[in-house]
Amino acid sequence: MSENRYGTKSGSALYLVYVAMFTAIITICSQLQIPTAIPFTLQTLGVFVTGGLLGWKRATMSVLVYILLGLAGVPVFAGFTSGAGILFGPTGGYIIGFIFTALIVGVSADKFGKKLWVLAVSMTLGMLVCYIFGTVWFMVIYNTSVGEMSLITALGMCVVPYIPFDILKIIAAVILVNRLEKIIKL
């Protein structure tokens, strides 16, 4: 077991509690949604906050646990859904993209600190990676099952409508991480 910067060993009970707690936070954020073809949810807000507060190891672990729970049938995904059909369906790439988002935000927070600009830049980069991964996945699934879809059409369906909402989530996550970091030490 290795010790992190807070003196918490990676296999310790406290480490596992943090991972479980933030997996639950991501799950709760997943249920707060406006249903559309690709639902407007607060999942990425949960992933941003998790990465910003926990650092890359625990944040990535939290997202992996979230995904594995959903894959195993626990209804943690948006709209209380779960299973391989969701994960390997048209929106599954965005869920997989959360791993990279947590990793980018967590590594940035660990390496460069939790200054507002660091959080904002890392969350924006994390969101871009999630967009790329999810949109490519969406196009592959769509092109396999329905027919050809251009990148412009996919971006118009999967990214452009979500940009304003995601900007608001980044702003909220930056503020939350900045304020919570001063109050609690995880």
# chains A, B, ... in the order shown; residues from 1 in each chain; ligands from 1

call {"tool": "closest_atom_pairs", "arguments": {"of": "segment 15-102 of chain A", "to": "segment 142-159 of chain A", "cutoff": "12 Å", "atoms": "only C-alpha atoms", "output": "Markdown table"}}
result
| residue | atom | partner | partner_atom | distance |
| --- | --- | --- | --- | --- |
| A:Thr36 | CA | A:Met157 | CA | 10.6 |
| A:Ala37 | CA | A:Met157 | CA | 8.7 |
| A:Ile38 | CA | A:Cys158 | CA | 7.0 |
| A:Pro39 | CA | A:Cys158 | CA | 9.9 |
| A:Phe40 | CA | A:Cys158 | CA | 10.6 |
| A:Phe88 | CA | A:Tyr142 | CA | 11.7 |
| A:Gly89 | CA | A:Tyr142 | CA | 9.2 |
| A:Pro90 | CA | A:Tyr142 | CA | 6.9 |
| A:Thr91 | CA | A:Cys158 | CA | 9.1 |
| A:Gly93 | CA | A:Cys158 | CA | 11.2 |
| A:Tyr94 | CA | A:Cys158 | CA | 9.8 |

call {"tool": "residues_around", "arguments": {"residues": "Ile163 of chain A", "least_positions_apart": "6", "cutoff": "10 Å", "atoms": "only C-alpha atoms", "output": "PyMOL selection string"}}
result
chain A and resi 127+131+169

call {"tool": "residues_around", "arguments": {"residues": "segment 68-80 of chain A", "least_positions_apart": "2", "cutoff": "12 Å", "atoms": "only C-alpha atoms", "output": "compact mmCIF listing (two decimals) with C-alpha atoms, in the first residue's frame"}}
result
# COMPACT_ATOMS: atom_id res chain seq x y z
CA ALA A 20 -17.36 4.92 -2.56
CA THR A 23 -18.99 7.08 -6.76
CA ALA A 24 -22.29 7.78 -4.99
CA ILE A 25 -22.00 11.51 -5.78
CA ILE A 26 -21.49 10.75 -9.49
CA THR A 27 -24.48 8.39 -9.36
CA ILE A 28 -26.70 11.03 -7.77
CA CYS A 29 -25.55 13.61 -10.32
CA SER A 30 -26.40 11.11 -13.08
CA GLN A 31 -30.03 11.07 -11.98
CA LEU A 32 -30.41 14.84 -12.13
CA GLN A 33 -31.29 15.14 -15.79
CA ILE A 34 -33.32 16.67 -18.55
CA PRO A 35 -34.15 13.68 -20.79
CA THR A 36 -33.20 14.02 -24.46
CA ALA A 37 -31.53 11.63 -26.94
CA ILE A 38 -28.30 12.27 -25.06
CA PRO A 39 -29.60 13.43 -21.66
CA PHE A 40 -28.55 16.69 -20.06
CA THR A 41 -27.24 15.44 -16.71
CA LEU A 42 -24.96 16.56 -13.94
CA GLN A 43 -22.71 13.49 -14.38
CA THR A 44 -19.79 15.54 -15.61
CA MET A 61 -11.09 4.64 -9.24
CA SER A 62 -14.43 6.30 -8.37
CA VAL A 63 -15.36 6.56 -12.05
CA LEU A 64 -14.26 2.97 -12.74
CA VAL A 65 -16.39 1.72 -9.83
CA TYR A 66 -19.32 3.77 -11.16
CA SER A 82 -27.63 0.13 -16.32
CA GLY A 83 -26.14 -2.74 -18.24
CA ALA A 84 -23.99 -3.47 -21.25
CA GLY A 85 -26.69 -2.10 -23.58
CA ILE A 86 -26.20 1.38 -22.14
CA LEU A 87 -22.42 1.18 -21.87
CA PHE A 88 -21.99 -0.19 -25.39
CA GLY A 89 -24.87 1.83 -26.85
CA THR A 91 -24.02 7.23 -25.40
CA GLY A 92 -21.60 4.75 -23.84
CA TYR A 94 -19.37 9.56 -23.02
CA ILE A 95 -19.54 7.31 -19.97
CA ILE A 96 -16.17 5.77 -20.86
CA ILE A 99 -12.47 7.97 -16.98

call {"tool": "select_by_dssp", "arguments": {"residues": "segment 12-66 of chain A", "states": "helix (DSSP H, G or I)", "output": "PyMOL selection string"}}
result
chain A and resi 13-31+43-66

call {"tool": "write_last_selection", "arguments": {"atoms": "C-alpha atoms", "output": "short mmCIF file (atom, residue, chain, number, x, y, z; two decimals), in the first residue's frame"}}
result
data_model
loop_
_atom_site.label_atom_id
_atom_site.label_comp_id
_atom_site.auth_asym_id
_atom_site.auth_seq_id
_atom_site.Cartn_x
_atom_site.Cartn_y
_atom_site.Cartn_z
CA ALA A 13 -10.59 1.93 4.69
CA LEU A 14 -10.54 5.73 4.41
CA TYR A 15 -9.31 5.53 0.81
CA LEU A 16 -12.15 3.13 -0.02
CA VAL A 17 -14.69 5.33 1.75
CA TYR A 18 -13.65 8.32 -0.40
CA VAL A 19 -13.92 6.24 -3.58
CA ALA A 20 -17.36 4.92 -2.56
CA MET A 21 -18.60 8.35 -1.47
CA PHE A 22 -17.63 10.00 -4.74
CA THR A 23 -18.99 7.08 -6.76
CA ALA A 24 -22.29 7.78 -4.99
CA ILE A 25 -22.00 11.51 -5.78
CA ILE A 26 -21.49 10.75 -9.49
CA THR A 27 -24.48 8.39 -9.36
CA ILE A 28 -26.70 11.03 -7.77
CA CYS A 29 -25.55 13.61 -10.32
CA SER A 30 -26.40 11.11 -13.08
CA GLN A 31 -30.03 11.07 -11.98
CA GLN A 43 -22.71 13.49 -14.38
CA THR A 44 -19.79 15.54 -15.61
CA LEU A 45 -20.22 17.96 -12.71
CA GLY A 46 -19.81 14.97 -10.39
CA VAL A 47 -16.77 13.76 -12.33
CA PHE A 48 -15.19 17.25 -12.32
CA VAL A 49 -15.66 17.67 -8.56
CA THR A 50 -14.39 14.14 -7.93
CA GLY A 51 -11.24 14.76 -9.98
CA GLY A 52 -10.64 18.16 -8.44
CA LEU A 53 -11.03 17.02 -4.84
CA LEU A 54 -9.67 13.47 -4.87
CA GLY A 55 -6.76 13.63 -7.30
CA TRP A 56 -6.20 11.24 -10.15
CA LYS A 57 -5.95 7.88 -8.37
CA ARG A 58 -9.07 8.05 -6.25
CA ALA A 59 -11.06 9.99 -8.87
CA THR A 60 -10.27 7.49 -11.61
CA MET A 61 -11.09 4.64 -9.24
CA SER A 62 -14.43 6.30 -8.37
CA VAL A 63 -15.36 6.56 -12.05
CA LEU A 64 -14.26 2.97 -12.74
CA VAL A 65 -16.39 1.72 -9.83
CA TYR A 66 -19.32 3.77 -11.16
#

call {"tool": "closest_residue", "arguments": {"among": "A:Ala120, A:Val140, A:Val105, A:Ile67", "to": "Ile171 of chain A", "atoms": "only C-alpha atoms"}}
result
A:Ala120

call {"tool": "atom_distance", "arguments": {"atom1": "atom CA of Phe98 of chain A", "atom2": "atom CA of Leu128 of chain A"}}
result
10.8 Å

call {"tool": "atom_distance", "arguments": {"atom1": "atom CA of Val174 of chain A", "atom2": "atom CA of Leu119 of chain A"}}
result
5.9 Å

call {"tool": "atom_distance", "arguments": {"atom1": "atom CA of Ala173 of chain A", "atom2": "atom CA of Ser12 of chain A"}}
result
27.1 Å
